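Participant: run_35.txt is reproduced in full below (compact mmCIF, C-alpha atoms).
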# COMPACT_ATOMS: atom_id res chain seq x y z
CA MET A 296 0.00 0.00 0.00
CA GLU A 297 1.39 3.41 -0.92
CA SER A 298 1.26 6.09 1.71
CA GLY A 299 0.02 9.43 0.52
CA ASP A 300 0.97 12.87 1.70
CA ASP A 301 -2.05 14.47 3.36
CA LYS A 302 -1.00 17.92 2.23
CA THR A 303 -0.82 17.22 -1.48
CA VAL A 304 -3.37 14.43 -2.08
CA PRO A 305 -6.96 15.69 -1.95
CA PRO A 306 -9.25 13.38 0.05
CA VAL A 307 -11.36 11.10 -2.08
CA ALA A 308 -15.07 11.75 -1.63
CA LEU A 309 -17.04 8.66 -0.64
CA SER A 310 -20.11 7.74 -2.64
CA PRO A 311 -23.24 7.34 -0.51
CA GLU A 312 -23.11 3.58 -1.13
CA LEU A 313 -19.52 3.25 -0.01
CA HIS A 314 -20.16 5.55 2.94
CA ALA A 315 -23.08 3.35 4.02
CA ALA A 316 -21.06 0.19 3.46
CA LEU A 317 -18.23 1.49 5.63
CA ILE A 318 -20.62 2.49 8.40
CA ALA A 319 -22.01 -1.04 8.38
CA GLU A 320 -18.47 -2.38 8.79
CA LEU A 321 -17.62 -0.28 11.84
CA PRO A 322 -18.95 -2.66 14.53
CA HIS A 323 -17.07 -5.55 12.89
CA LEU A 324 -13.90 -3.47 12.66
CA ARG A 325 -14.14 -2.48 16.33
CA ARG A 326 -14.71 -6.06 17.37
CA PHE A 327 -11.73 -7.32 15.36
CA ALA A 328 -9.54 -4.63 16.94
CA TYR A 329 -10.77 -5.72 20.37
CA PHE A 330 -9.68 -9.30 19.72
CA LEU A 331 -6.44 -8.20 18.06
CA MET A 332 -5.53 -6.06 21.06
CA ARG A 333 -6.74 -8.57 23.66
CA GLY A 334 -9.36 -6.21 25.03
CA SER A 335 -6.82 -3.45 25.62
CA GLU A 336 -8.15 0.07 25.98
CA ARG A 337 -6.08 0.84 22.86
CA ALA A 338 -8.42 -1.30 20.75
CA ASP A 339 -10.63 1.59 19.60
CA ASP A 340 -7.53 3.67 18.78
CA VAL A 341 -6.35 0.84 16.54
CA ALA A 342 -9.77 0.62 14.89
CA GLN A 343 -9.88 4.37 14.27
CA GLU A 344 -6.36 4.43 12.87
CA ALA A 345 -7.32 1.57 10.56
CA LEU A 346 -10.39 3.49 9.39
CA VAL A 347 -8.35 6.63 8.71
CA ARG A 348 -5.90 4.56 6.64
CA ALA A 349 -8.68 2.79 4.82
CA VAL A 350 -10.33 6.05 3.84
CA LYS A 351 -6.98 7.41 2.71
CA HIS A 352 -6.38 4.40 0.46
CA ILE A 353 -9.98 3.84 -0.60
CA GLY A 354 -9.02 4.58 -4.19
CA GLY A 355 -6.99 1.38 -4.17
CA LEU A 356 -9.97 -0.78 -3.23
CA ARG A 357 -10.99 -2.97 -6.18
CA PRO A 358 -14.74 -3.17 -6.89
CA ASP A 359 -14.71 -6.94 -6.50
CA SER A 360 -12.78 -6.87 -3.21
CA ASN A 361 -14.28 -8.07 0.03
CA LEU A 362 -14.55 -4.81 1.98
CA ARG A 363 -14.41 -6.52 5.37
CA ALA A 364 -11.31 -8.56 4.52
CA TRP A 365 -9.65 -5.41 3.18
CA LEU A 366 -10.44 -3.42 6.35
CA PHE A 367 -9.29 -6.32 8.52
CA THR A 368 -5.96 -6.51 6.68
CA ILE A 369 -5.38 -2.83 7.41
CA ALA A 370 -6.42 -3.25 11.06
CA ARG A 371 -3.99 -6.11 11.48
CA ASN A 372 -1.12 -4.00 10.18
CA VAL A 373 -2.03 -1.17 12.54
CA ALA A 374 -2.27 -3.59 15.48
CA ARG A 375 1.09 -5.10 14.62
CA ASN A 376 2.72 -1.67 14.70
CA GLU A 377 0.96 -0.94 17.96
CA ALA A 378 2.19 -4.22 19.45
CA ARG A 379 5.77 -3.30 18.52
CA ARG A 380 5.33 0.03 20.27
CA GLN A 381 3.78 -1.68 23.29
CA ARG A 382 6.73 -4.02 23.64
CA ARG A 383 8.86 -0.98 24.38
CA SER A 384 6.36 0.23 26.98
CA PRO A 385 4.03 -2.65 27.82
CA VAL A 386 0.40 -2.04 28.62
CA ALA A 387 -1.36 -4.82 30.48
CA PRO A 388 -4.21 -6.28 28.45
CA HIS A 389 -7.63 -5.85 29.98
CA THR A 390 -9.86 -8.84 29.72
CA ASP A 391 -12.69 -7.65 31.90
CA LEU A 392 -13.90 -4.73 29.80
CA ALA A 393 -16.69 -6.44 27.92
CA ASP A 394 -19.66 -7.73 29.79
CA ILE A 395 -21.51 -10.69 28.41
CA HIS A 396 -24.92 -9.41 27.38
CA PRO A 397 -27.56 -11.11 29.51
CA ALA A 398 -29.65 -11.89 26.45
CA GLN A 399 -26.90 -14.10 25.07
CA ALA A 400 -26.79 -16.47 28.00
CA GLN A 401 -29.93 -17.96 29.34
CA THR A 402 -28.48 -18.78 32.72
CA GLN A 403 -25.84 -17.36 35.00
CA GLU A 404 -23.78 -20.51 34.40
CA ALA A 405 -23.93 -20.00 30.66
CA ALA A 406 -22.85 -16.38 31.10
CA ILE A 407 -19.88 -17.46 33.19
CA GLU A 408 -18.94 -20.06 30.61
CA MET A 409 -19.05 -17.47 27.79
CA ARG A 410 -16.88 -15.20 29.93
CA GLU A 411 -14.35 -18.02 30.44
CA LEU A 412 -14.40 -18.83 26.73
CA GLN A 413 -13.75 -15.20 25.82
CA ASP A 414 -10.87 -15.01 28.28
CA ALA A 415 -9.43 -18.23 26.87
CA VAL A 416 -9.64 -16.86 23.32
CA LEU A 417 -7.91 -13.65 24.37
CA ARG A 418 -5.09 -15.70 25.94
CA LEU A 419 -4.34 -17.51 22.68
CA ALA A 420 -1.15 -16.53 20.88
CA PRO A 421 -1.79 -13.95 18.12
CA ALA A 422 -1.62 -16.29 15.11
CA PHE A 423 -4.17 -18.67 16.64
CA ARG A 424 -6.34 -15.96 18.13
CA GLN A 425 -6.57 -14.09 14.83
CA THR A 426 -7.27 -17.23 12.79
CA LEU A 427 -9.92 -18.38 15.25
CA PHE A 428 -11.55 -14.96 15.32
CA LEU A 429 -11.72 -14.58 11.56
CA CYS A 430 -13.07 -18.09 10.88
CA ALA A 431 -15.01 -19.11 13.97
CA ILE A 432 -16.31 -15.76 15.21
CA GLU A 433 -16.46 -13.47 12.20
CA GLY A 434 -17.26 -16.36 9.84
CA LEU A 435 -14.91 -15.43 7.01
CA SER A 436 -14.22 -18.06 4.38
CA TYR A 437 -10.88 -19.85 4.64
CA GLU A 438 -9.85 -18.00 1.48
CA ASP A 439 -10.62 -14.57 2.94
CA ALA A 440 -8.96 -15.43 6.26
CA ALA A 441 -5.89 -16.65 4.37
CA GLN A 442 -5.80 -13.35 2.51
CA VAL A 443 -6.12 -11.21 5.64
CA LEU A 444 -3.38 -13.12 7.46
CA GLY A 445 -1.14 -13.65 4.44
CA VAL A 446 -0.83 -17.42 4.87
CA PRO A 447 -1.90 -20.48 2.83
CA ILE A 448 -5.32 -22.03 3.40
CA GLY A 449 -3.67 -25.16 4.81
CA THR A 450 -2.14 -23.03 7.56
CA ILE A 451 -5.55 -21.54 8.34
CA ARG A 452 -7.02 -25.03 8.72
CA SER A 453 -4.25 -26.36 10.96
CA ARG A 454 -4.21 -23.26 13.16
CA LEU A 455 -7.96 -23.44 13.50
CA ALA A 456 -7.84 -27.07 14.59
CA ARG A 457 -5.07 -26.39 17.09
CA ALA A 458 -6.81 -23.31 18.46
CA ARG A 459 -10.01 -25.26 19.02
CA ARG A 460 -8.15 -28.04 20.82
CA ALA A 461 -6.32 -25.49 22.97
CA LEU A 462 -9.63 -23.89 23.92
CA GLU A 463 -11.06 -27.29 24.77
CA ARG A 464 -8.18 -27.98 27.14
CA GLU A 465 -8.50 -24.50 28.67
CA MET A 466 -12.22 -24.87 29.23
CA ALA A 467 -11.80 -28.35 30.73
CA GLY A 468 -9.02 -27.04 32.96
CA ALA A 469 -11.06 -24.04 34.07
CA HIS A 470 -13.37 -26.31 35.99
CA HIS A 471 -10.47 -27.75 37.98
CA THR A 472 -8.17 -24.82 38.64
CA ALA A 473 -8.82 -21.62 40.53
CA GLY A 474 -7.39 -19.19 38.02
CA GLY A 475 -6.42 -19.02 34.40
CA LYS A 476 -2.83 -19.35 33.32
CA GLU A 477 -0.96 -18.17 30.25
CA GLN A 478 -0.96 -20.80 27.55
CA GLY A 479 1.94 -21.28 25.20
CA LYS A 480 1.64 -21.21 21.44
CA MET B 11 -17.29 -52.10 2.96
CA VAL B 12 -16.99 -50.46 -0.44
CA SER B 13 -18.71 -47.09 -0.56
CA ARG B 14 -19.70 -45.13 -3.62
CA ARG B 15 -19.16 -41.94 -1.67
CA LYS B 16 -15.86 -40.13 -1.16
CA ALA B 17 -14.24 -41.13 2.13
CA VAL B 18 -14.73 -38.72 5.00
CA SER B 19 -11.49 -36.79 5.56
CA ALA B 20 -10.10 -34.73 8.42
CA ASP B 21 -10.93 -31.65 6.36
CA ASP B 22 -14.53 -32.82 6.08
CA LEU B 23 -14.76 -33.22 9.86
CA GLN B 24 -13.32 -29.75 10.33
CA ASP B 25 -15.78 -28.29 7.83
CA PHE B 26 -18.56 -30.18 9.60
CA ILE B 27 -17.54 -28.63 12.92
CA GLU B 28 -17.41 -25.22 11.25
CA GLY B 29 -20.80 -25.67 9.61
CA ARG B 30 -19.30 -25.20 6.16
CA LEU B 31 -20.45 -28.39 4.43
CA SER B 32 -23.09 -28.66 1.76
CA LYS B 33 -26.26 -30.31 2.99
CA GLU B 34 -25.45 -33.42 0.97
CA ARG B 35 -21.95 -33.79 2.37
CA ARG B 36 -23.15 -33.04 5.90
CA ILE B 37 -25.55 -35.96 5.70
CA GLU B 38 -22.71 -38.22 4.57
CA VAL B 39 -20.51 -37.09 7.44
CA GLU B 40 -23.35 -37.60 9.92
CA ALA B 41 -23.74 -41.15 8.62
CA TYR B 42 -20.00 -41.73 9.05
CA LEU B 43 -20.10 -40.40 12.62
CA GLN B 44 -22.97 -42.70 13.51
CA SER B 45 -20.61 -45.65 13.05
CA HIS B 46 -17.66 -43.91 14.74
CA PRO B 47 -18.97 -42.99 18.20
CA THR B 48 -15.66 -41.87 19.74
CA GLU B 49 -15.03 -39.49 16.92
CA ALA B 50 -18.65 -38.42 17.02
CA ARG B 51 -18.31 -37.37 20.65
CA ARG B 52 -15.15 -35.39 19.94
CA VAL B 53 -16.75 -33.71 16.94
CA GLU B 54 -19.92 -32.91 18.86
CA ALA B 55 -17.93 -31.25 21.66
CA LEU B 56 -16.14 -29.10 19.10
CA ARG B 57 -19.44 -28.28 17.39
CA GLU B 58 -20.82 -27.03 20.69
CA GLN B 59 -17.71 -24.94 21.15
CA ALA B 60 -18.12 -23.59 17.61
CA GLY B 61 -21.67 -22.55 18.43
CA ARG B 62 -20.53 -20.63 21.50
CA LEU B 63 -17.66 -19.02 19.62
CA ARG B 64 -20.04 -17.73 16.96
CA ARG B 65 -21.90 -15.84 19.68
CA LEU B 66 -18.76 -14.41 21.26
CA GLY B 67 -18.50 -10.68 20.96
CA SER B 68 -21.89 -10.41 19.33
CA GLU B 69 -22.83 -7.75 21.87
CA MET B 70 -20.16 -5.54 20.29
CA LEU B 71 -21.98 -5.65 16.97
CA VAL B 72 -25.02 -3.94 18.43
CA GLU B 73 -23.17 -1.39 20.56
CA PRO B 74 -23.48 2.17 19.32
CA VAL B 75 -20.31 3.14 17.48
CA PRO B 76 -18.41 6.03 19.13
CA SER B 77 -18.89 9.29 17.28
CA GLN B 78 -15.18 9.64 16.43
CA PHE B 79 -15.58 6.84 13.88
CA LEU B 80 -18.56 8.49 12.23
CA ASP B 81 -16.72 11.81 12.18
CA ILE B 82 -13.89 10.23 10.19
CA LEU B 83 -16.37 9.14 7.53
CA LYS B 84 -18.55 12.25 7.68
CA ARG B 85 -15.67 14.45 6.60
CA LEU B 86 -15.47 12.59 3.31
CA LYS B 87 -19.11 11.89 2.54
CA ASN B 88 -19.97 12.98 -0.97
Can the structure from this file be put into structure tokens for me?
Facilitator:
Amino acid sequence: MESGDDKTVPPVALSPELHAALIAELPHLRRFAYFLMRGSERADDVAQEALVRAVKHIGGLRPDSNLRAWLFTIARNVARNEARRQRRSPVAPHTDLADIHPAQAQTQEAAIEMRELQDAVLRLAPAFRQTLFLCAIEGLSYEDAAQVLGVPIGTIRSRLARARRALEREMAGAHHTAGGKEQGK
Amino acid sequence: MVSRRKAVSADDLQDFIEGRLSKERRIEVEAYLQSHPTEARRVEALREQAGRLRRLGSEMLVEPVPSQFLDILKRLKN
């Protein structure tokens, strides 16, 4: 992606259709940033930065492109840069920001289980967390997920299988141990 | 037993867990699992997990989007 100079490149006006399409993508973009950043309070900053970049480079979006996959690719790049910056001055990830909506879980037990599952997902290493999010939560095709993450489809499949097994172990363990622990890759 | 159908592969089971199979293929995999109970239990556990994962973070999709996002787009609306 080429970076433009804000001073010399006039902003591209968005057609009403594209404007509406981007608005519809915002909740998905925010949610992806949340999972990318492990619930950190920087998540919305990452999502906004991704949106600014997307709008800047909207001229490069092909008509047949999947808008969501394109936005997600940008968000991932932004998050990666943010993670590099955070390594120099680490910010602890917050995993208790999002409350499970009562309507989602019919019982208190179910709500607790969803909470544990979300925490377990956020503890996964980035490659597995991102693959799992794109395929199992966002429901992208393997092809689109492969494109966003820049890996072959076979890698998507194997990561997905491993992520699911890791979650299974975590969830089984959660019933026996008092607290969660960091899982390896 | 010789089957006319394509053998059920690991990829098929994964697609079954993900809910990505055609109806026809799903029926074939279900038939396979009926005669492989251990695998069926494993697959069913993962299917339940897949169902919960699909609902994860769904509350974020109905949250109002902070105005800063809309402002970014508003500036460029034609």
Participant: Output as a count of residues only the set of chain B residues within 10 Å of chain A, with distances taken over all atoms listed in the file.
Facilitator: 37
Participant: Given only C-alpha atoms as the basis, pick out the residue of A:Leu429, A:Ala349, A:Ala458, A:Ile451 nearest to A:Ala415.
Facilitator: A:Ala458
Participant: Quick check, in Å to one decimal: how far apart do atom CA of A:Gln442 and atom CA of A:Ala328 lie?
Facilitator: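 Interatomic distance here is 17.3 Å.
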Participant: Pick out the closest residue to B:Arg36 from this set: B:Asp81, B:Arg52, B:Asp22, B:Arg57. Count all atoms listed in the file.
Facilitator: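 Once distances to B:Arg36 are computed over all atoms listed in the file, the minimum belongs to B:Asp22.
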Participant: Between atom CA of B:Arg15 and atom CA of B:Arg35, what distance in Å does the model show, to one decimal?
Facilitator: 9.5 Å
Participant: Set the distance at 8 Å and use all atoms listed in the file: which residues neighbour stretch 41-46 of chain B once local chain neighbours fewer than 4 positions away are removed? I'd like the list as a PDB file with C-alpha atoms, in the frame of the given file.
Facilitator:
ATOM      1  CA  VAL B  18     -14.730 -38.720   5.000  1.00  0.00           C
ATOM      2  CA  ILE B  37     -25.550 -35.960   5.700  1.00  0.00           C
ATOM      3  CA  ALA B  50     -18.650 -38.420  17.020  1.00  0.00           C
TER       4      ALA B  50
END
Participant: State, in Å with one decimal place, the distance from atom CA of A:Phe423 to atom CA of A:Met332.
Facilitator: 13.4 Å
Participant: For stretch 58-87 of chain B, supply N, CA and C atoms and format the output as a PDB file, in the coordinates of the input.
Facilitator:
ATOM      1  N   GLU B  58     -20.233 -27.860  19.632  1.00  0.00           N
ATOM      2  CA  GLU B  58     -20.820 -27.030  20.690  1.00  0.00           C
ATOM      3  C   GLU B  58     -19.947 -25.809  20.934  1.00  0.00           C
ATOM      4  N   GLN B  59     -18.659 -26.045  20.964  1.00  0.00           N
ATOM      5  CA  GLN B  59     -17.710 -24.940  21.150  1.00  0.00           C
ATOM      6  C   GLN B  59     -17.851 -23.945  20.001  1.00  0.00           C
ATOM      7  N   ALA B  60     -17.986 -24.452  18.782  1.00  0.00           N
ATOM      8  CA  ALA B  60     -18.120 -23.590  17.610  1.00  0.00           C
ATOM      9  C   ALA B  60     -19.363 -22.723  17.728  1.00  0.00           C
ATOM     10  N   GLY B  61     -20.444 -23.305  18.242  1.00  0.00           N
ATOM     11  CA  GLY B  61     -21.670 -22.550  18.430  1.00  0.00           C
ATOM     12  C   GLY B  61     -21.479 -21.414  19.424  1.00  0.00           C
ATOM     13  N   ARG B  62     -20.773 -21.692  20.507  1.00  0.00           N
ATOM     14  CA  ARG B  62     -20.530 -20.630  21.500  1.00  0.00           C
ATOM     15  C   ARG B  62     -19.609 -19.564  20.934  1.00  0.00           C
ATOM     16  N   LEU B  63     -18.601 -19.991  20.197  1.00  0.00           N
ATOM     17  CA  LEU B  63     -17.660 -19.020  19.620  1.00  0.00           C
ATOM     18  C   LEU B  63     -18.377 -18.063  18.670  1.00  0.00           C
ATOM     19  N   ARG B  64     -19.321 -18.590  17.906  1.00  0.00           N
ATOM     20  CA  ARG B  64     -20.040 -17.730  16.960  1.00  0.00           C
ATOM     21  C   ARG B  64     -20.769 -16.616  17.678  1.00  0.00           C
ATOM     22  N   ARG B  65     -21.149 -16.861  18.934  1.00  0.00           N
ATOM     23  CA  ARG B  65     -21.900 -15.840  19.680  1.00  0.00           C
ATOM     24  C   ARG B  65     -20.973 -14.885  20.427  1.00  0.00           C
ATOM     25  N   LEU B  66     -19.694 -15.240  20.507  1.00  0.00           N
ATOM     26  CA  LEU B  66     -18.760 -14.410  21.260  1.00  0.00           C
ATOM     27  C   LEU B  66     -18.645 -13.019  20.644  1.00  0.00           C
ATOM     28  N   GLY B  67     -18.695 -12.024  21.479  1.00  0.00           N
ATOM     29  CA  GLY B  67     -18.500 -10.680  20.960  1.00  0.00           C
ATOM     30  C   GLY B  67     -19.650 -10.169  20.143  1.00  0.00           C
ATOM     31  N   SER B  68     -20.764 -10.888  20.132  1.00  0.00           N
ATOM     32  CA  SER B  68     -21.890 -10.410  19.330  1.00  0.00           C
ATOM     33  C   SER B  68     -22.487  -9.151  19.940  1.00  0.00           C
ATOM     34  N   GLU B  69     -22.304  -8.975  21.248  1.00  0.00           N
ATOM     35  CA  GLU B  69     -22.830  -7.750  21.870  1.00  0.00           C
ATOM     36  C   GLU B  69     -22.129  -6.515  21.309  1.00  0.00           C
ATOM     37  N   MET B  70     -20.886  -6.684  20.849  1.00  0.00           N
ATOM     38  CA  MET B  70     -20.160  -5.540  20.290  1.00  0.00           C
ATOM     39  C   MET B  70     -20.754  -5.103  18.960  1.00  0.00           C
ATOM     40  N   LEU B  71     -21.424  -6.006  18.272  1.00  0.00           N
ATOM     41  CA  LEU B  71     -21.980  -5.650  16.970  1.00  0.00           C
ATOM     42  C   LEU B  71     -23.211  -4.765  17.093  1.00  0.00           C
ATOM     43  N   VAL B  72     -23.827  -4.762  18.273  1.00  0.00           N
ATOM     44  CA  VAL B  72     -25.020  -3.940  18.430  1.00  0.00           C
ATOM     45  C   VAL B  72     -24.782  -2.713  19.317  1.00  0.00           C
ATOM     46  N   GLU B  73     -23.533  -2.592  19.795  1.00  0.00           N
ATOM     47  CA  GLU B  73     -23.170  -1.390  20.560  1.00  0.00           C
ATOM     48  C   GLU B  73     -23.199  -0.177  19.649  1.00  0.00           C
ATOM     49  N   PRO B  74     -23.612   0.973  20.145  1.00  0.00           N
ATOM     50  CA  PRO B  74     -23.480   2.170  19.320  1.00  0.00           C
ATOM     51  C   PRO B  74     -22.004   2.474  19.073  1.00  0.00           C
ATOM     52  N   VAL B  75     -21.698   2.865  17.845  1.00  0.00           N
ATOM     53  CA  VAL B  75     -20.310   3.140  17.480  1.00  0.00           C
ATOM     54  C   VAL B  75     -19.948   4.544  17.973  1.00  0.00           C
ATOM     55  N   PRO B  76     -18.803   4.701  18.655  1.00  0.00           N
ATOM     56  CA  PRO B  76     -18.410   6.030  19.130  1.00  0.00           C
ATOM     57  C   PRO B  76     -18.371   7.047  17.984  1.00  0.00           C
ATOM     58  N   SER B  77     -18.720   8.277  18.312  1.00  0.00           N
ATOM     59  CA  SER B  77     -18.890   9.290  17.280  1.00  0.00           C
ATOM     60  C   SER B  77     -17.602   9.577  16.499  1.00  0.00           C
ATOM     61  N   GLN B  78     -16.438   9.354  17.139  1.00  0.00           N
ATOM     62  CA  GLN B  78     -15.180   9.640  16.430  1.00  0.00           C
ATOM     63  C   GLN B  78     -15.093   8.875  15.115  1.00  0.00           C
ATOM     64  N   PHE B  79     -15.608   7.641  15.109  1.00  0.00           N
ATOM     65  CA  PHE B  79     -15.580   6.840  13.880  1.00  0.00           C
ATOM     66  C   PHE B  79     -16.448   7.477  12.807  1.00  0.00           C
ATOM     67  N   LEU B  80     -17.633   7.900  13.198  1.00  0.00           N
ATOM     68  CA  LEU B  80     -18.560   8.490  12.230  1.00  0.00           C
ATOM     69  C   LEU B  80     -18.010   9.809  11.711  1.00  0.00           C
ATOM     70  N   ASP B  81     -17.313  10.545  12.602  1.00  0.00           N
ATOM     71  CA  ASP B  81     -16.720  11.810  12.180  1.00  0.00           C
ATOM     72  C   ASP B  81     -15.692  11.594  11.076  1.00  0.00           C
ATOM     73  N   ILE B  82     -14.912  10.527  11.208  1.00  0.00           N
ATOM     74  CA  ILE B  82     -13.890  10.230  10.190  1.00  0.00           C
ATOM     75  C   ILE B  82     -14.552  10.062   8.833  1.00  0.00           C
ATOM     76  N   LEU B  83     -15.678   9.369   8.799  1.00  0.00           N
ATOM     77  CA  LEU B  83     -16.370   9.140   7.530  1.00  0.00           C
ATOM     78  C   LEU B  83     -17.149  10.361   7.062  1.00  0.00           C
ATOM     79  N   LYS B  84     -17.708  11.096   8.017  1.00  0.00           N
ATOM     80  CA  LYS B  84     -18.550  12.250   7.680  1.00  0.00           C
ATOM     81  C   LYS B  84     -17.777  13.282   6.879  1.00  0.00           C
ATOM     82  N   ARG B  85     -16.509  13.452   7.272  1.00  0.00           N
ATOM     83  CA  ARG B  85     -15.670  14.450   6.600  1.00  0.00           C
ATOM     84  C   ARG B  85     -15.568  14.205   5.113  1.00  0.00           C
ATOM     85  N   LEU B  86     -15.716  12.926   4.710  1.00  0.00           N
ATOM     86  CA  LEU B  86     -15.470  12.590   3.310  1.00  0.00           C
ATOM     87  C   LEU B  86     -16.725  12.168   2.582  1.00  0.00           C
ATOM     88  N   LYS B  87     -17.879  12.313   3.212  1.00  0.00           N
ATOM     89  CA  LYS B  87     -19.110  11.890   2.540  1.00  0.00           C
ATOM     90  C   LYS B  87     -19.378  12.823   1.367  1.00  0.00           C
TER      91      LYS B  87
END
